[in-house]
Amino acid sequence: MEPLTWTGSLSGLNFIFLLVLGLLALSISVSILTSLVPSSGARAVNSDGTLASDQGLSGFINMITGYLFYALIALVLVYLVGGVFMGPAAGIFGGMAQQFLPVWIGLVVVFALSVTYKRKLGLYGKLFDSTVGMIGFAIVLFWVLTGIMGGVFDLLITHDSLSQVSGMKNKLPGTPLRGAEEGDYQWFLLGGDNLARDVFSRLIKGSWVVVQIAPMATLFAFMVGITLGLPAGYYGGRLDTVLSFLANLILAFPVILLFYLLVTPEIVLTGIPNYMAVFLFVFPLIFVAILLNSRFYTQPSVRTPLLLVVLGVLGWLYLSLISSDGAIVETDTYTIPGLPAFLDGFDLDAGILVVFVSVVFVNSPTVFRIVRGLALDIKTRDYVAAAQTRGEGPWYIMLWEILPNARGPLIVDFCLRIGYTTILLGTLGFFGLGLESESPDWGSTINAGRRLLALYPHAAIAPALALLSLVLGLNLLADGLREESLRD
C-alpha cells in the first residue's frame with residue numbers, strides 16, 4: 001500500500017492555493033505600506049455619520065485583499081468538502097477531514113441554530129454579528145466537540161492512543177499500517193511517535209484533557225475570585241487590605257516555580273493539594289448559597305426548599321470531587337475518610353486533581369484583583385445608591401447590581417484566562433509535571449517529540465499547532481465578545 005500524500009487526488013489545486021496565498025500575503029503587505037503614507041484628501045462621510053470606504057489606490061488594494069481572502073476560504077472549503085467525500089483518496093487532509101465528519105456536522109448545527117435565533121440569545125447571539133468573534137468561536141467549538149466526541153465517545157480516533165504498533169516508530173505522516181487486519185484503519189495519518197503510537201489519535205485524546213481541565217479550572221478560579229473580590233471592593237477597609245495582601249503574596253511567586261512546587265511528588269505525598277482542594281472547591285457552594293439567599297431572602301417558602309435541593313446536589317458533587325477511593329486525604333501515616341464508595345459519584349485522577357488545584361490556586365488572585373477593581377468602580381454608580389436607598393442588603397447589591405454590570409469585562413477575561421490555562425497545562429505537560437508520562441495531553445506529546453525534532457518534527461508540530469490554534473481561537477473569541485460588550 002502506497003503512503004498518502006498531503007492532498008492526494010486534490011493535488012491539482014495546490015498550485016492555485018499557493019498562488020492565492022502568496023497574492024494575499026503580498027496584498028496585505030502592500031496595504032500595510034500604503035496605510036503608512038498620509039492621505040492627501042479627506043475621507044467622505046456617509047449620511048449616517050460613518051466614514052465612507054477608501055477611494056483610489058488604497059481602496060482598490062483593500063478590495064483585492066478581500067477578494068483574495070474569500071478565494072482562499074473557498075479553496076479551503078473545497079479541500080474540506082472533497083476530503084469528507086473522498087477520504088484518504090484526497091490524501092492526509094482528506095483522511096482527517098473524513099474522520100472529523102461528526103465535528104463538522106456539530107459545527108453546522110450549532111451555527112445554524114445560533115444564527116437563526118441570535119436576536120434571542122443576548123450577548124452570545126450578538127457574537128454572530130462579529131466576524132472575528134465567529135471565527136474564534138468556530139475554532140474553540142471545533143476543539144470542544146473534538147474533545148467530547150474523540151475523548152469520551154472515541155468517534156474520531158483511528159487507533160488506540162496508547163497502543164504501540166510494530167514497525168511504526170517515528171514513521172512519517174501518511175505511512176500505511178504494517179500488517180493491518182480487517183477493520184483496522186490503514187494509515188497513521190499524522191505518523192508515529194518515538195514509541196510507535198499514532199500521533200493523530202493522541203492529538204484527539206489530548207484535546208479532551210484540555211477541554212476537561214481548562215474551562216472548569218478557570219470557572220472555579222472565577223468562583224473564588226468573585227466571592228472574595230466583591231466584598232473586598234464593596235466594603236473596603238481592613239477586609240480589603242487583608243485579602244489584597246494575600247492575593248499579592250501569591251502573585252509575588254513566579255508562576256512556573258509555584259506550579260513546580262505544587263505538583264512535585266514530595267508535596268503531593270503530604271496531602272497538601274488535597275487540603276487545597278477541600279478549601280478551594282467549596283467556594284462554588286458558598287457563591288450559590290449567597291446568590292440564592294440574597295435573591296429570595298424575602299420569600300422564605302421558596303428560598304428554603306430551593307437551597308436544600310441545590311446545596312444538596314452541589315454538596316454531593318463537592319464531596320465526590322474531593323474524595324477518591326473513600327478518602328479525602330490519604331498519606332502513609334493517616335487517612336481522612338470521605339464519601340463511602342457507594343455514594344462517591346466519580347473519582348478524579350490524582351494527577352488531574354493536582355493540576356486542577358494548581359491552576360485554580362494560581363488564577364484566583366488575578367481574578368480577585370479584577371473583580372475588586374470593578375466593584376470599586378461600579379459601587380459609586382447611581383443604581384447602586386438607588387438599591388441602597390430601597391434597603392437592599394449588601395450581598396444583594398453585590399451579586400444582583402454590581403456583578404451583572406461587570407459581566408462584559410469578566411466574560412472577556414474568562415475567555416482569555418482559559419487560553420492562559422491551556423498554555424499552563426501545556427507547560428506542565430512539557431516539563432512532565434502533574435499528569436502521567438503516558439498522558440496524551442499536548443504538552444507531554446510536545447515534550448516527547450522535541451527530542452527528535454530535527455529528524456522527525458511531525459510528532460511535536462501537530463500538538464503544538466493544535467495548542468496554538470485553540471489559544472488563537474480563545475483570543476479571537478475574547479476580542480469579539482469585547483467588541484460586542486462595548487456596544488451593549
# chains A, B, ... in the order shown; residues from 1 in each chain; ligands from 1

$ residues_around --residues "Leu21 of chain A" --least-positions-apart "2" --cutoff "12 Å" --atoms "only C-alpha atoms" --output "list in words"
Asn14, Phe15, Ile16, Phe17, Leu18, Leu19, Leu23, Leu24, Ala25, Leu26, Ser27, Ile28, Thr65, Tyr67, Leu68, Phe69, Tyr70, Ala71, Leu72, Ile73, Ala74, Leu75 and Val76 of chain A

$ closest_atom_pairs --of "segment 302-327 of chain A" --to "segment 347-363 of chain A" --cutoff "8 Å" --atoms "only C-alpha atoms" --output "Markdown table"
| residue | atom | partner | partner_atom | distance |
| --- | --- | --- | --- | --- |
| A:Ser320 | CA | A:Asp347 | CA | 6.9 |
| A:Leu321 | CA | A:Leu348 | CA | 6.5 |
| A:Ser323 | CA | A:Asp347 | CA | 7.0 |
| A:Ser324 | CA | A:Asp347 | CA | 5.3 |
| A:Asp325 | CA | A:Asp347 | CA | 7.2 |

$ closest_residue --among "A:Ser201, A:Thr304, A:Thr298, A:Thr116" --to "Ser163 of chain A" --atoms "only C-alpha atoms"
A:Ser201

$ closest_residue --among "A:Ile370, A:Leu246, A:Ala221, A:Ile336" --to "Val282 of chain A" --atoms "only C-alpha atoms"
A:Ala221

$ atom_distance --atom1 "atom CA of Val108 of chain A" --atom2 "atom CA of Val78 of chain A"
16.1 Å

$ residues_around --residues "Leu291 of chain A" --least-positions-apart "4" --cutoff "10 Å" --atoms "only C-alpha atoms" --output "list of chain:residue names"
A:Leu285, A:Ile286, A:Phe287, A:Arg295, A:Phe296, A:Tyr297, A:Trp395, A:Tyr396, A:Met398, A:Leu399, A:Trp400

$ write_last_selection --atoms "all heavy atoms" --output "tab-separated table (two decimals), in the first residue's frame"
chain	number	residue	atom	x	y	z
A	285	LEU	N	-20.05	26.43	46.26
A	285	LEU	CA	-21.18	26.25	47.16
A	285	LEU	C	-21.51	27.54	47.90
A	285	LEU	O	-22.69	27.91	48.04
A	285	LEU	CB	-20.88	25.14	48.18
A	285	LEU	CG	-21.15	23.70	47.76
A	285	LEU	CD1	-20.04	23.20	46.85
A	285	LEU	CD2	-21.25	22.80	48.99
A	286	ILE	N	-20.46	28.22	48.38
A	286	ILE	CA	-20.68	29.48	49.09
A	286	ILE	C	-21.31	30.51	48.17
A	286	ILE	O	-22.26	31.22	48.55
A	286	ILE	CB	-19.34	30.00	49.66
A	286	ILE	CG1	-18.77	29.02	50.67
A	286	ILE	CG2	-19.52	31.38	50.28
A	286	ILE	CD1	-17.38	29.38	51.15
A	287	PHE	N	-20.79	30.58	46.93
A	287	PHE	CA	-21.30	31.56	45.98
A	287	PHE	C	-22.78	31.31	45.66
A	287	PHE	O	-23.61	32.24	45.70
A	287	PHE	CB	-20.48	31.50	44.69
A	287	PHE	CG	-20.96	32.42	43.60
A	287	PHE	CD1	-20.61	33.76	43.60
A	287	PHE	CD2	-21.77	31.94	42.58
A	287	PHE	CE1	-21.06	34.60	42.60
A	287	PHE	CE2	-22.23	32.78	41.58
A	287	PHE	CZ	-21.87	34.11	41.59
A	295	ARG	N	-31.28	36.62	46.78
A	295	ARG	CA	-32.35	36.85	45.80
A	295	ARG	C	-33.73	36.54	46.38
A	295	ARG	O	-34.70	37.26	46.11
A	295	ARG	CB	-32.11	35.98	44.56
A	295	ARG	CG	-33.18	36.11	43.48
A	295	ARG	CD	-33.20	37.52	42.90
A	295	ARG	NE	-34.21	37.66	41.87
A	295	ARG	CZ	-35.49	37.92	42.08
A	295	ARG	NH1	-35.92	38.06	43.34
A	295	ARG	NH2	-36.34	38.06	41.10
A	296	PHE	N	-33.82	35.48	47.18
A	296	PHE	CA	-35.14	35.05	47.69
A	296	PHE	C	-35.23	35.24	49.20
A	296	PHE	O	-35.98	34.52	49.87
A	296	PHE	CB	-35.38	33.57	47.34
A	296	PHE	CG	-35.41	33.31	45.86
A	296	PHE	CD1	-34.32	32.73	45.23
A	296	PHE	CD2	-36.52	33.63	45.10
A	296	PHE	CE1	-34.33	32.47	43.85
A	296	PHE	CE2	-36.56	33.38	43.74
A	296	PHE	CZ	-35.45	32.82	43.12
A	297	TYR	N	-34.50	36.20	49.72
A	297	TYR	CA	-34.49	36.41	51.17
A	297	TYR	C	-35.87	36.76	51.71
A	297	TYR	O	-36.24	36.34	52.82
A	297	TYR	CB	-33.50	37.53	51.52
A	297	TYR	CG	-33.36	37.77	53.00
A	297	TYR	CD1	-32.63	36.90	53.79
A	297	TYR	CD2	-33.97	38.88	53.60
A	297	TYR	CE1	-32.51	37.11	55.16
A	297	TYR	CE2	-33.84	39.11	54.97
A	297	TYR	CZ	-33.11	38.21	55.74
A	297	TYR	OH	-32.99	38.43	57.07
A	395	TRP	N	-25.11	41.96	50.10
A	395	TRP	CA	-24.85	40.87	49.15
A	395	TRP	C	-25.80	40.92	47.96
A	395	TRP	O	-25.42	40.54	46.85
A	395	TRP	CB	-24.94	39.51	49.84
A	395	TRP	CG	-23.69	39.16	50.56
A	395	TRP	CD1	-23.47	39.17	51.91
A	395	TRP	CD2	-22.44	38.78	49.97
A	395	TRP	NE1	-22.18	38.82	52.19
A	395	TRP	CE2	-21.51	38.56	51.02
A	395	TRP	CE3	-22.02	38.59	48.65
A	395	TRP	CZ2	-20.20	38.17	50.80
A	395	TRP	CZ3	-20.71	38.21	48.42
A	395	TRP	CH2	-19.82	37.99	49.48
A	396	TYR	N	-27.02	41.38	48.18
A	396	TYR	CA	-27.93	41.56	47.04
A	396	TYR	C	-27.36	42.60	46.08
A	396	TYR	O	-27.37	42.40	44.86
A	396	TYR	CB	-29.32	41.99	47.52
A	396	TYR	CG	-30.30	42.20	46.39
A	396	TYR	CD1	-31.11	41.16	45.95
A	396	TYR	CD2	-30.40	43.42	45.72
A	396	TYR	CE1	-32.01	41.33	44.90
A	396	TYR	CE2	-31.27	43.61	44.67
A	396	TYR	CZ	-32.08	42.55	44.27
A	396	TYR	OH	-32.94	42.73	43.21
A	398	MET	N	-24.22	43.47	45.74
A	398	MET	CA	-23.00	42.97	45.09
A	398	MET	C	-23.31	41.98	43.97
A	398	MET	O	-22.71	42.03	42.88
A	398	MET	CB	-22.09	42.31	46.14
A	398	MET	CG	-21.33	43.29	47.02
A	398	MET	SD	-20.18	42.45	48.13
A	398	MET	CE	-21.22	42.14	49.53
A	399	LEU	N	-24.24	41.05	44.22
A	399	LEU	CA	-24.48	39.95	43.28
A	399	LEU	C	-25.53	40.28	42.22
A	399	LEU	O	-25.50	39.69	41.13
A	399	LEU	CB	-24.91	38.70	44.04
A	399	LEU	CG	-23.85	38.07	44.94
A	399	LEU	CD1	-24.44	36.94	45.77
A	399	LEU	CD2	-22.69	37.55	44.10
A	400	TRP	N	-26.45	41.19	42.52
A	400	TRP	CA	-27.54	41.46	41.58
A	400	TRP	C	-27.51	42.86	40.99
A	400	TRP	O	-28.31	43.18	40.12
A	400	TRP	CB	-28.89	41.20	42.26
A	400	TRP	CG	-29.06	39.76	42.62
A	400	TRP	CD1	-28.84	39.21	43.84
A	400	TRP	CD2	-29.43	38.69	41.76
A	400	TRP	NE1	-29.07	37.86	43.81
A	400	TRP	CE2	-29.44	37.51	42.54
A	400	TRP	CE3	-29.78	38.61	40.41
A	400	TRP	CZ2	-29.77	36.26	42.02
A	400	TRP	CZ3	-30.11	37.37	39.88
A	400	TRP	CH2	-30.11	36.21	40.67

$ closest_residue --among "A:Glu330, A:Asp129, A:Asp154, A:Glu181" --to "Ser485 of chain A" --atoms "only C-alpha atoms"
A:Asp129

$ atom_distance --atom1 "atom CA of Val109 of chain A" --atom2 "atom CA of Val140 of chain A"
15.1 Å

$ closest_atom_pairs --of "segment 137-232 of chain A" --to "segment 88-97 of chain A" --cutoff "10 Å" --atoms "only C-alpha atoms" --output "JSON lines"
{"residue": "A:Leu156", "atom": "CA", "partner": "A:Met96", "partner_atom": "CA", "distance": 9.0}
{"residue": "A:Ile157", "atom": "CA", "partner": "A:Met96", "partner_atom": "CA", "distance": 9.8}
{"residue": "A:Thr158", "atom": "CA", "partner": "A:Met96", "partner_atom": "CA", "distance": 9.7}
{"residue": "A:Pro173", "atom": "CA", "partner": "A:Ile92", "partner_atom": "CA", "distance": 7.5}
{"residue": "A:Gly174", "atom": "CA", "partner": "A:Ile92", "partner_atom": "CA", "distance": 6.0}
{"residue": "A:Thr175", "atom": "CA", "partner": "A:Ile92", "partner_atom": "CA", "distance": 9.7}
{"residue": "A:Gln186", "atom": "CA", "partner": "A:Pro88", "partner_atom": "CA", "distance": 9.4}
{"residue": "A:Trp187", "atom": "CA", "partner": "A:Pro88", "partner_atom": "CA", "distance": 8.9}
{"residue": "A:Phe188", "atom": "CA", "partner": "A:Ile92", "partner_atom": "CA", "distance": 9.2}
{"residue": "A:Leu189", "atom": "CA", "partner": "A:Ile92", "partner_atom": "CA", "distance": 5.8}
{"residue": "A:Leu190", "atom": "CA", "partner": "A:Ile92", "partner_atom": "CA", "distance": 7.7}
{"residue": "A:Phe200", "atom": "CA", "partner": "A:Met96", "partner_atom": "CA", "distance": 8.6}

$ atom_distance --atom1 "atom CA of Phe222 of chain A" --atom2 "atom CA of Ala247 of chain A"
13.7 Å

$ closest_residue --among "A:Asp344, A:Glu483, A:Asp413, A:Asp441" --to "Leu319 of chain A" --atoms "only C-alpha atoms"
A:Asp344

$ closest_residue --among "A:Ile64, A:Ile290, A:Leu470, A:Leu230" --to "Ile378 of chain A" --atoms "only C-alpha atoms"
A:Leu230

$ residues_around --residues "Leu425 of chain A" --least-positions-apart "5" --cutoff "12 Å" --atoms "only C-alpha atoms" --output "PyMOL selection string"
chain A and resi 206-207+209-215+217-218+256+259+263+351-352+354-360+418-420+430-435+441-446+467+471

$ write_last_selection --atoms "N, CA and C atoms" --output "compact mmCIF listing (two decimals), in the first residue's frame"
# COMPACT_ATOMS: atom_id res chain seq x y z
N GLY A 206 -5.69 14.08 23.48
CA GLY A 206 -5.13 15.20 24.22
C GLY A 206 -6.06 16.39 24.29
N SER A 207 -6.88 16.56 23.27
CA SER A 207 -7.82 17.69 23.29
C SER A 207 -8.83 17.52 24.42
N VAL A 209 -8.21 16.23 27.36
CA VAL A 209 -7.55 16.64 28.60
C VAL A 209 -7.66 18.15 28.77
N VAL A 210 -7.44 18.90 27.69
CA VAL A 210 -7.52 20.36 27.75
C VAL A 210 -8.97 20.80 27.99
N VAL A 211 -9.91 20.23 27.23
CA VAL A 211 -11.32 20.62 27.36
C VAL A 211 -11.86 20.25 28.74
N GLN A 212 -11.32 19.19 29.31
CA GLN A 212 -11.78 18.72 30.61
C GLN A 212 -11.29 19.62 31.75
N ILE A 213 -10.08 20.13 31.65
CA ILE A 213 -9.47 20.85 32.77
C ILE A 213 -9.60 22.36 32.63
N ALA A 214 -9.20 22.91 31.47
CA ALA A 214 -9.04 24.36 31.35
C ALA A 214 -10.32 25.15 31.67
N PRO A 215 -11.48 24.86 31.04
CA PRO A 215 -12.67 25.68 31.35
C PRO A 215 -13.14 25.53 32.79
N ALA A 217 -11.39 24.56 35.50
CA ALA A 217 -10.44 25.17 36.43
C ALA A 217 -10.58 26.69 36.42
N THR A 218 -10.77 27.26 35.24
CA THR A 218 -10.98 28.71 35.13
C THR A 218 -12.28 29.12 35.82
N ILE A 256 5.65 29.53 37.27
CA ILE A 256 6.21 28.21 36.97
C ILE A 256 6.78 27.57 38.23
N PHE A 259 3.89 26.36 40.35
CA PHE A 259 3.38 25.11 39.78
C PHE A 259 4.30 23.95 40.12
N VAL A 263 3.11 20.50 42.26
CA VAL A 263 2.91 19.21 41.59
C VAL A 263 4.07 18.24 41.78
N GLY A 351 -3.46 12.82 39.29
CA GLY A 351 -2.65 13.78 38.53
C GLY A 351 -3.48 14.96 38.06
N ILE A 352 -4.69 14.68 37.58
CA ILE A 352 -5.56 15.76 37.11
C ILE A 352 -6.00 16.64 38.27
N VAL A 354 -4.33 17.34 41.01
CA VAL A 354 -3.21 18.21 41.39
C VAL A 354 -3.09 19.38 40.42
N VAL A 355 -3.16 19.08 39.12
CA VAL A 355 -3.08 20.14 38.11
C VAL A 355 -4.26 21.09 38.24
N PHE A 356 -5.45 20.54 38.46
CA PHE A 356 -6.67 21.34 38.61
C PHE A 356 -6.53 22.32 39.77
N VAL A 357 -6.10 21.81 40.92
CA VAL A 357 -5.94 22.65 42.10
C VAL A 357 -4.88 23.72 41.85
N SER A 358 -3.79 23.35 41.20
CA SER A 358 -2.71 24.29 40.94
C SER A 358 -3.19 25.44 40.06
N VAL A 359 -3.96 25.12 39.01
CA VAL A 359 -4.46 26.15 38.10
C VAL A 359 -5.42 27.09 38.82
N VAL A 360 -6.32 26.53 39.64
CA VAL A 360 -7.27 27.36 40.38
C VAL A 360 -6.53 28.27 41.36
N ILE A 418 -8.93 31.14 29.97
CA ILE A 418 -8.92 29.74 29.51
C ILE A 418 -7.72 29.51 28.60
N GLY A 419 -7.43 30.51 27.77
CA GLY A 419 -6.24 30.41 26.91
C GLY A 419 -4.97 30.35 27.72
N TYR A 420 -4.86 31.20 28.75
CA TYR A 420 -3.68 31.16 29.62
C TYR A 420 -3.57 29.80 30.31
N PHE A 430 4.77 19.71 29.35
CA PHE A 430 6.09 19.76 28.71
C PHE A 430 7.19 19.43 29.72
N PHE A 431 7.03 19.91 30.95
CA PHE A 431 8.03 19.64 31.99
C PHE A 431 7.78 18.31 32.71
N GLY A 432 6.72 17.59 32.28
CA GLY A 432 6.45 16.30 32.89
C GLY A 432 5.94 16.38 34.31
N LEU A 433 5.21 17.45 34.64
CA LEU A 433 4.72 17.65 36.00
C LEU A 433 3.22 17.42 36.06
N GLY A 434 2.77 16.77 37.12
CA GLY A 434 1.33 16.61 37.34
C GLY A 434 0.76 15.40 36.66
N LEU A 435 0.61 15.43 35.34
CA LEU A 435 -0.01 14.34 34.61
C LEU A 435 0.97 13.20 34.39
N ASP A 441 -1.86 14.39 26.69
CA ASP A 441 -2.04 15.83 26.66
C ASP A 441 -0.97 16.47 25.78
N TRP A 442 -1.30 17.63 25.23
CA TRP A 442 -0.46 18.23 24.19
C TRP A 442 0.92 18.59 24.70
N GLY A 443 1.03 19.06 25.95
CA GLY A 443 2.34 19.42 26.48
C GLY A 443 3.26 18.22 26.58
N SER A 444 2.75 17.10 27.09
CA SER A 444 3.57 15.89 27.19
C SER A 444 3.96 15.38 25.81
N THR A 445 3.04 15.46 24.86
CA THR A 445 3.34 15.00 23.50
C THR A 445 4.40 15.86 22.85
N ILE A 446 4.33 17.18 23.05
CA ILE A 446 5.36 18.07 22.50
C ILE A 446 6.71 17.75 23.13
N LEU A 467 -2.39 23.36 19.96
CA LEU A 467 -2.37 24.28 21.11
C LEU A 467 -2.43 25.72 20.63
N VAL A 471 -5.61 28.44 21.47
CA VAL A 471 -5.36 29.71 22.15
C VAL A 471 -5.71 30.88 21.24
